[in-house]
>>> print(open('my_file_10.cif').read())   # mmCIF, C-alpha atoms, pLDDT in the B column; chains and numbers go by the auth columns
data_upload
#
loop_
_atom_site.group_PDB
_atom_site.id
_atom_site.type_symbol
_atom_site.label_atom_id
_atom_site.label_comp_id
_atom_site.label_asym_id
_atom_site.label_seq_id
_atom_site.Cartn_x
_atom_site.Cartn_y
_atom_site.Cartn_z
_atom_site.B_iso_or_equiv
_atom_site.auth_seq_id
_atom_site.auth_asym_id
ATOM 1 C CA MET A 1 -36.836 188.510 -11.247 49.00 1 A
ATOM 2 C CA TYR A 2 -37.494 191.391 -13.602 49.00 2 A
ATOM 3 C CA PHE A 3 -40.210 192.787 -11.344 55.00 3 A
ATOM 4 C CA PHE A 4 -37.513 194.500 -9.243 60.00 4 A
ATOM 5 C CA TYR A 5 -36.547 196.727 -12.163 58.00 5 A
ATOM 6 C CA PRO A 6 -38.426 199.124 -14.448 60.00 6 A
ATOM 7 C CA PHE A 7 -39.234 197.676 -17.876 77.00 7 A
ATOM 8 C CA TYR A 8 -37.430 200.440 -19.769 79.00 8 A
ATOM 9 C CA ILE A 9 -34.668 202.779 -18.743 78.00 9 A
ATOM 10 C CA LYS A 10 -32.984 205.757 -20.396 82.00 10 A
ATOM 11 C CA LYS A 11 -29.613 205.213 -21.993 76.00 11 A
ATOM 12 C CA GLU A 12 -28.005 207.546 -19.484 83.00 12 A
ATOM 13 C CA ASP A 13 -29.335 205.486 -16.545 82.00 13 A
ATOM 14 C CA ALA A 14 -28.274 202.064 -17.857 81.00 14 A
ATOM 15 C CA LYS A 15 -25.531 201.647 -15.284 85.00 15 A
ATOM 16 C CA ASP A 16 -28.116 202.032 -12.520 85.00 16 A
ATOM 17 C CA VAL A 17 -29.640 198.687 -13.521 83.00 17 A
ATOM 18 C CA ILE A 18 -26.363 196.907 -12.806 84.00 18 A
ATOM 19 C CA ASN A 19 -26.082 198.699 -9.469 88.00 19 A
ATOM 20 C CA TRP A 20 -29.692 197.737 -8.583 87.00 20 A
ATOM 21 C CA GLN A 21 -29.029 194.125 -9.487 87.00 21 A
ATOM 22 C CA ARG A 22 -25.990 193.977 -7.221 90.00 22 A
ATOM 23 C CA LYS A 23 -27.888 195.608 -4.342 92.00 23 A
ATOM 24 C CA ILE A 24 -30.859 193.256 -4.704 91.00 24 A
ATOM 25 C CA ILE A 25 -28.585 190.201 -4.796 92.00 25 A
ATOM 26 C CA ALA A 26 -26.756 191.457 -1.690 95.00 26 A
ATOM 27 C CA LEU A 27 -30.105 192.021 0.043 95.00 27 A
ATOM 28 C CA VAL A 28 -31.260 188.484 -0.772 94.00 28 A
ATOM 29 C CA LEU A 29 -27.993 187.042 0.529 95.00 29 A
ATOM 30 C CA ILE A 30 -28.192 189.098 3.724 96.00 30 A
ATOM 31 C CA ALA A 31 -31.779 187.914 4.242 96.00 31 A
ATOM 32 C CA MET A 32 -30.661 184.290 3.851 96.00 32 A
ATOM 33 C CA GLY A 33 -27.846 184.908 6.313 96.00 33 A
ATOM 34 C CA ALA A 34 -30.376 186.349 8.762 97.00 34 A
ATOM 35 C CA VAL A 35 -32.597 183.270 8.384 96.00 35 A
ATOM 36 C CA ILE A 36 -29.641 180.994 9.089 96.00 36 A
ATOM 37 C CA TRP A 37 -28.705 183.128 12.098 97.00 37 A
ATOM 38 C CA VAL A 38 -32.256 182.890 13.505 96.00 38 A
ATOM 39 C CA MET A 39 -32.234 179.119 13.021 95.00 39 A
ATOM 40 C CA ARG A 40 -28.810 178.894 14.670 96.00 40 A
ATOM 41 C CA MET A 41 -29.746 181.054 17.657 96.00 41 A
ATOM 42 C CA PHE A 42 -33.317 179.919 18.345 96.00 42 A
ATOM 43 C CA VAL A 43 -34.186 176.637 16.616 94.00 43 A
ATOM 44 C CA TYR A 44 -30.972 174.654 17.006 96.00 44 A
ATOM 45 C CA PRO A 45 -30.657 175.062 20.810 96.00 45 A
ATOM 46 C CA LYS A 46 -34.254 173.936 21.379 94.00 46 A
ATOM 47 C CA LEU A 47 -33.830 171.032 18.983 93.00 47 A
ATOM 48 C CA SER A 48 -30.643 169.845 20.655 94.00 48 A
ATOM 49 C CA LEU A 49 -32.250 170.117 24.111 94.00 49 A
ATOM 50 C CA LEU A 50 -35.199 168.099 22.860 91.00 50 A
ATOM 51 C CA TYR A 51 -32.903 165.351 21.609 92.00 51 A
ATOM 52 C CA ILE A 52 -31.022 165.365 24.943 92.00 52 A
ATOM 53 C CA ASP A 53 -34.288 165.162 26.923 91.00 53 A
ATOM 54 C CA LEU A 54 -35.397 162.176 24.850 90.00 54 A
ATOM 55 C CA ASN A 55 -31.995 160.442 25.136 90.00 55 A
ATOM 56 C CA THR A 56 -31.617 160.317 21.374 89.00 56 A
ATOM 57 C CA ASN A 57 -28.501 161.089 19.363 90.00 57 A
ATOM 58 C CA LEU A 58 -28.557 164.130 17.109 91.00 58 A
ATOM 59 C CA PRO A 59 -28.071 163.381 13.401 91.00 59 A
ATOM 60 C CA VAL A 60 -24.537 164.122 12.159 92.00 60 A
ATOM 61 C CA LEU A 61 -25.593 167.024 9.935 92.00 61 A
ATOM 62 C CA THR A 62 -27.504 168.558 12.833 94.00 62 A
ATOM 63 C CA GLN A 63 -24.498 168.184 15.138 94.00 63 A
ATOM 64 C CA SER A 64 -22.347 170.115 12.689 95.00 64 A
ATOM 65 C CA PHE A 65 -25.002 172.809 12.141 96.00 65 A
ATOM 66 C CA PRO A 66 -23.469 175.461 14.466 96.00 66 A
ATOM 67 C CA THR A 67 -20.073 175.276 12.772 96.00 67 A
ATOM 68 C CA LEU A 68 -21.333 174.966 9.192 96.00 68 A
ATOM 69 C CA SER A 69 -23.918 177.703 9.659 96.00 69 A
ATOM 70 C CA LEU A 70 -21.267 180.066 11.021 97.00 70 A
ATOM 71 C CA VAL A 71 -19.035 179.401 8.006 97.00 71 A
ATOM 72 C CA ILE A 72 -21.986 179.878 5.635 96.00 72 A
ATOM 73 C CA MET A 73 -23.042 183.130 7.329 96.00 73 A
ATOM 74 C CA ILE A 74 -19.524 184.547 7.183 97.00 74 A
ATOM 75 C CA GLY A 75 -19.254 183.609 3.491 96.00 75 A
ATOM 76 C CA ILE A 76 -22.638 185.129 2.705 96.00 76 A
ATOM 77 C CA PHE A 77 -21.843 188.397 4.449 95.00 77 A
ATOM 78 C CA ILE A 78 -18.416 188.679 2.789 96.00 78 A
ATOM 79 C CA ILE A 79 -20.013 188.193 -0.639 95.00 79 A
ATOM 80 C CA ALA A 80 -22.791 190.675 0.185 95.00 80 A
ATOM 81 C CA LEU A 81 -20.295 193.288 1.382 96.00 81 A
ATOM 82 C CA TYR A 82 -18.228 192.748 -1.761 95.00 82 A
ATOM 83 C CA LEU A 83 -21.310 193.282 -3.924 93.00 83 A
ATOM 84 C CA LEU A 84 -22.302 196.410 -2.021 94.00 84 A
ATOM 85 C CA PHE A 85 -18.921 198.122 -1.841 95.00 85 A
ATOM 86 C CA SER A 86 -16.975 197.071 -4.943 94.00 86 A
ATOM 87 C CA LYS A 87 -17.231 198.719 -8.325 92.00 87 A
ATOM 88 C CA PRO A 88 -19.213 196.652 -10.863 90.00 88 A
ATOM 89 C CA ASP A 89 -18.054 195.776 -14.356 87.00 89 A
ATOM 90 C CA TYR A 90 -19.936 197.993 -16.806 86.00 90 A
ATOM 91 C CA SER A 91 -18.374 196.562 -19.984 86.00 91 A
ATOM 92 C CA LYS A 92 -21.491 194.616 -21.054 85.00 92 A
ATOM 93 C CA ALA A 93 -23.713 197.617 -20.374 83.00 93 A
ATOM 94 C CA ASN A 94 -21.375 199.924 -22.285 81.00 94 A
ATOM 95 C CA MET A 95 -21.527 197.641 -25.332 85.00 95 A
ATOM 96 C CA ILE A 96 -25.332 197.611 -25.236 84.00 96 A
ATOM 97 C CA VAL A 97 -25.598 201.364 -24.633 84.00 97 A
ATOM 98 C CA LYS A 98 -23.463 202.145 -27.715 86.00 98 A
ATOM 99 C CA LYS A 99 -26.295 200.927 -29.944 87.00 99 A
ATOM 100 C CA TYR A 100 -28.693 203.600 -28.672 80.00 100 A
ATOM 101 C CA LYS A 101 -28.910 207.367 -29.093 85.00 101 A
ATOM 102 C CA SER A 102 -28.922 209.787 -26.199 84.00 102 A
ATOM 103 C CA GLY A 103 -32.295 209.823 -24.416 82.00 103 A
ATOM 104 C CA GLU A 104 -33.495 206.562 -25.991 82.00 104 A
ATOM 105 C CA MET A 105 -35.131 203.929 -23.837 83.00 105 A
ATOM 106 C CA ILE A 106 -33.484 200.529 -23.391 83.00 106 A
ATOM 107 C CA LYS A 107 -35.193 197.325 -22.302 80.00 107 A
ATOM 108 C CA THR A 108 -33.986 196.454 -18.841 79.00 108 A
ATOM 109 C CA LYS A 109 -33.846 192.770 -19.793 79.00 109 A
ATOM 110 C CA GLU A 110 -30.916 193.511 -22.083 79.00 110 A
ATOM 111 C CA LEU A 111 -28.845 194.896 -19.209 79.00 111 A
ATOM 112 C CA ILE A 112 -29.584 192.335 -16.513 80.00 112 A
ATOM 113 C CA ASP A 113 -27.180 189.431 -16.144 77.00 113 A
ATOM 114 C CA ASN A 114 -29.435 186.372 -15.921 79.00 114 A
ATOM 115 C CA LYS A 115 -26.594 183.999 -15.076 85.00 115 A
ATOM 116 C CA VAL A 116 -25.948 185.811 -11.817 84.00 116 A
ATOM 117 C CA GLN A 117 -29.635 185.767 -10.902 84.00 117 A
ATOM 118 C CA PHE A 118 -29.920 182.039 -11.559 89.00 118 A
ATOM 119 C CA LEU A 119 -26.776 181.490 -9.517 90.00 119 A
ATOM 120 C CA VAL A 120 -28.299 183.363 -6.573 91.00 120 A
ATOM 121 C CA ILE A 121 -31.547 181.403 -6.888 91.00 121 A
ATOM 122 C CA GLY A 122 -29.498 178.191 -6.909 94.00 122 A
ATOM 123 C CA VAL A 123 -27.638 179.264 -3.762 93.00 123 A
ATOM 124 C CA VAL A 124 -30.924 180.087 -2.021 94.00 124 A
ATOM 125 C CA ILE A 125 -32.347 176.688 -2.995 96.00 125 A
ATOM 126 C CA LEU A 126 -29.229 174.927 -1.684 96.00 126 A
ATOM 127 C CA LEU A 127 -29.445 176.829 1.596 95.00 127 A
ATOM 128 C CA VAL A 128 -33.127 175.932 2.005 95.00 128 A
ATOM 129 C CA ILE A 129 -32.290 172.263 1.360 96.00 129 A
ATOM 130 C CA TYR A 130 -29.473 172.514 3.910 95.00 130 A
ATOM 131 C CA LEU A 131 -31.809 174.013 6.533 95.00 131 A
ATOM 132 C CA PHE A 132 -34.431 171.375 5.812 94.00 132 A
ATOM 133 C CA THR A 133 -32.048 168.440 6.088 94.00 133 A
ATOM 134 C CA SER A 134 -30.183 169.729 9.135 94.00 134 A
ATOM 135 C CA LEU A 135 -33.044 171.147 11.233 92.00 135 A
ATOM 136 C CA ILE A 136 -36.524 170.481 9.903 90.00 136 A
ATOM 137 C CA SER A 137 -36.053 166.825 9.000 91.00 137 A
ATOM 138 C CA PRO A 138 -34.742 165.884 12.491 91.00 138 A
ATOM 139 C CA ILE A 139 -37.807 167.514 14.034 87.00 139 A
ATOM 140 C CA TYR A 140 -40.077 165.346 11.884 86.00 140 A
ATOM 141 C CA SER A 141 -38.054 162.232 12.644 85.00 141 A
ATOM 142 C CA LEU A 142 -38.547 162.880 16.367 83.00 142 A
ATOM 143 C CA THR A 143 -42.292 163.260 15.960 79.00 143 A
ATOM 144 C CA ASN A 144 -42.423 159.966 14.080 78.00 144 A
ATOM 145 C CA GLN A 145 -40.471 158.161 16.814 75.00 145 A
ATOM 146 C CA TYR A 146 -42.506 159.398 19.790 69.00 146 A
#
>>> encode(input="my_file_10.cif", output="structure tokens")
Amino acid sequence: MYFFYPFYIKKEDAKDVINWQRKIIALVLIAMGAVIWVMRMFVYPKLSLLYIDLNTNLPVLTQSFPTLSLVIMIGIFIIALYLLFSKPDYSKANMIVKKYKSGEMIKTKELIDNKVQFLVIGVVILLVIYLFTSLISPIYSLTNQY
């Protein structure tokens, strides 16, 4: 995910990389929350009506989708707001910046926290799996039955 950042940055602007990373992570989380909201507002009602029309029981995970999706959306937006409005920890960046002289260029890769990015990618993958198993899979099971 380095394509969101410049390859090199001046020593004086090193803290901006950490701020960019937090904003990008918050944006990704908000986008995932929006996808879940769209699925909750538009896909789930049609899917449940389809199951009712066909006199078939909704799968358990699909039945709990409105409640679980609301909890997930609230959690996502709380985390995103925290990332956007709290002050980041610059200690790692300060340690890296000490090695460089004023005006020198620093590789952005040194400043980015890869663990956080992999964590966000993992969360996105888990949310996609959740959407697939709770909404998309029941649609396919209906098409196979009828």
>>> residues_around(input="my_file_10.cif", residues="range 44-47 of chain A", least_positions_apart="4", cutoff="9 Å", atoms="all atoms listed in the file", output="number ranges by chain")
A: 39-40, 51-52, 58, 62, 65-66, 135, 138-139
>>> resolve_selection(input="my_file_10.cif", expression="the PyMOL selection byres ((chain A and resi 87-94) around 7)", output="list of chain:residue names")
A:Ala14, A:Lys15, A:Phe85, A:Ser86, A:Met95, A:Ile96, A:Val97, A:Lys98, A:Leu111
>>> residues_around(input="my_file_10.cif", residues="Leu68 in chain A", least_positions_apart="2", cutoff="12 Å", atoms="only C-alpha atoms", output="CSV table (one decimal) with C-alpha atoms, in the frame of the given file")
chain,number,residue,atom,x,y,z
A,36,ILE,CA,-29.6,181.0,9.1
A,37,TRP,CA,-28.7,183.1,12.1
A,40,ARG,CA,-28.8,178.9,14.7
A,60,VAL,CA,-24.5,164.1,12.2
A,61,LEU,CA,-25.6,167.0,9.9
A,62,THR,CA,-27.5,168.6,12.8
A,63,GLN,CA,-24.5,168.2,15.1
A,64,SER,CA,-22.3,170.1,12.7
A,65,PHE,CA,-25.0,172.8,12.1
A,66,PRO,CA,-23.5,175.5,14.5
A,70,LEU,CA,-21.3,180.1,11.0
A,71,VAL,CA,-19.0,179.4,8.0
A,72,ILE,CA,-22.0,179.9,5.6
A,73,MET,CA,-23.0,183.1,7.3
A,74,ILE,CA,-19.5,184.5,7.2
A,75,GLY,CA,-19.3,183.6,3.5
A,127,LEU,CA,-29.4,176.8,1.6
A,130,TYR,CA,-29.5,172.5,3.9
A,131,LEU,CA,-31.8,174.0,6.5
A,134,SER,CA,-30.2,169.7,9.1
>>> atom_distance(input="my_file_10.cif", atom1="CA of Thr56 in chain A", atom2="CA of Gly33 in chain A")
29.1 Å
>>> atom_distance(input="my_file_10.cif", atom1="CA of Phe132 in chain A", atom2="CA of Val116 in chain A")
24.3 Å
>>> atom_distance(input="my_file_10.cif", atom1="CA of Glu12 in chain A", atom2="CA of Glu104 in chain A")
8.6 Å
>>> residues_around(input="my_file_10.cif", residues="Lys23 in chain A", least_positions_apart="5", cutoff="10 Å", atoms="only C-alpha atoms", output="number ranges by chain")
A: 17-18, 28-29, 80-81, 83-85
>>> resolve_selection(input="my_file_10.cif", expression="the PyMOL selection byres ((chain A and resi 108) around 8)", output="list in words")
Tyr5, Pro6, Phe7, Tyr8, Ile9, Val17, Ile106, Lys107, Lys109, Glu110, Leu111 and Ile112 of chain A
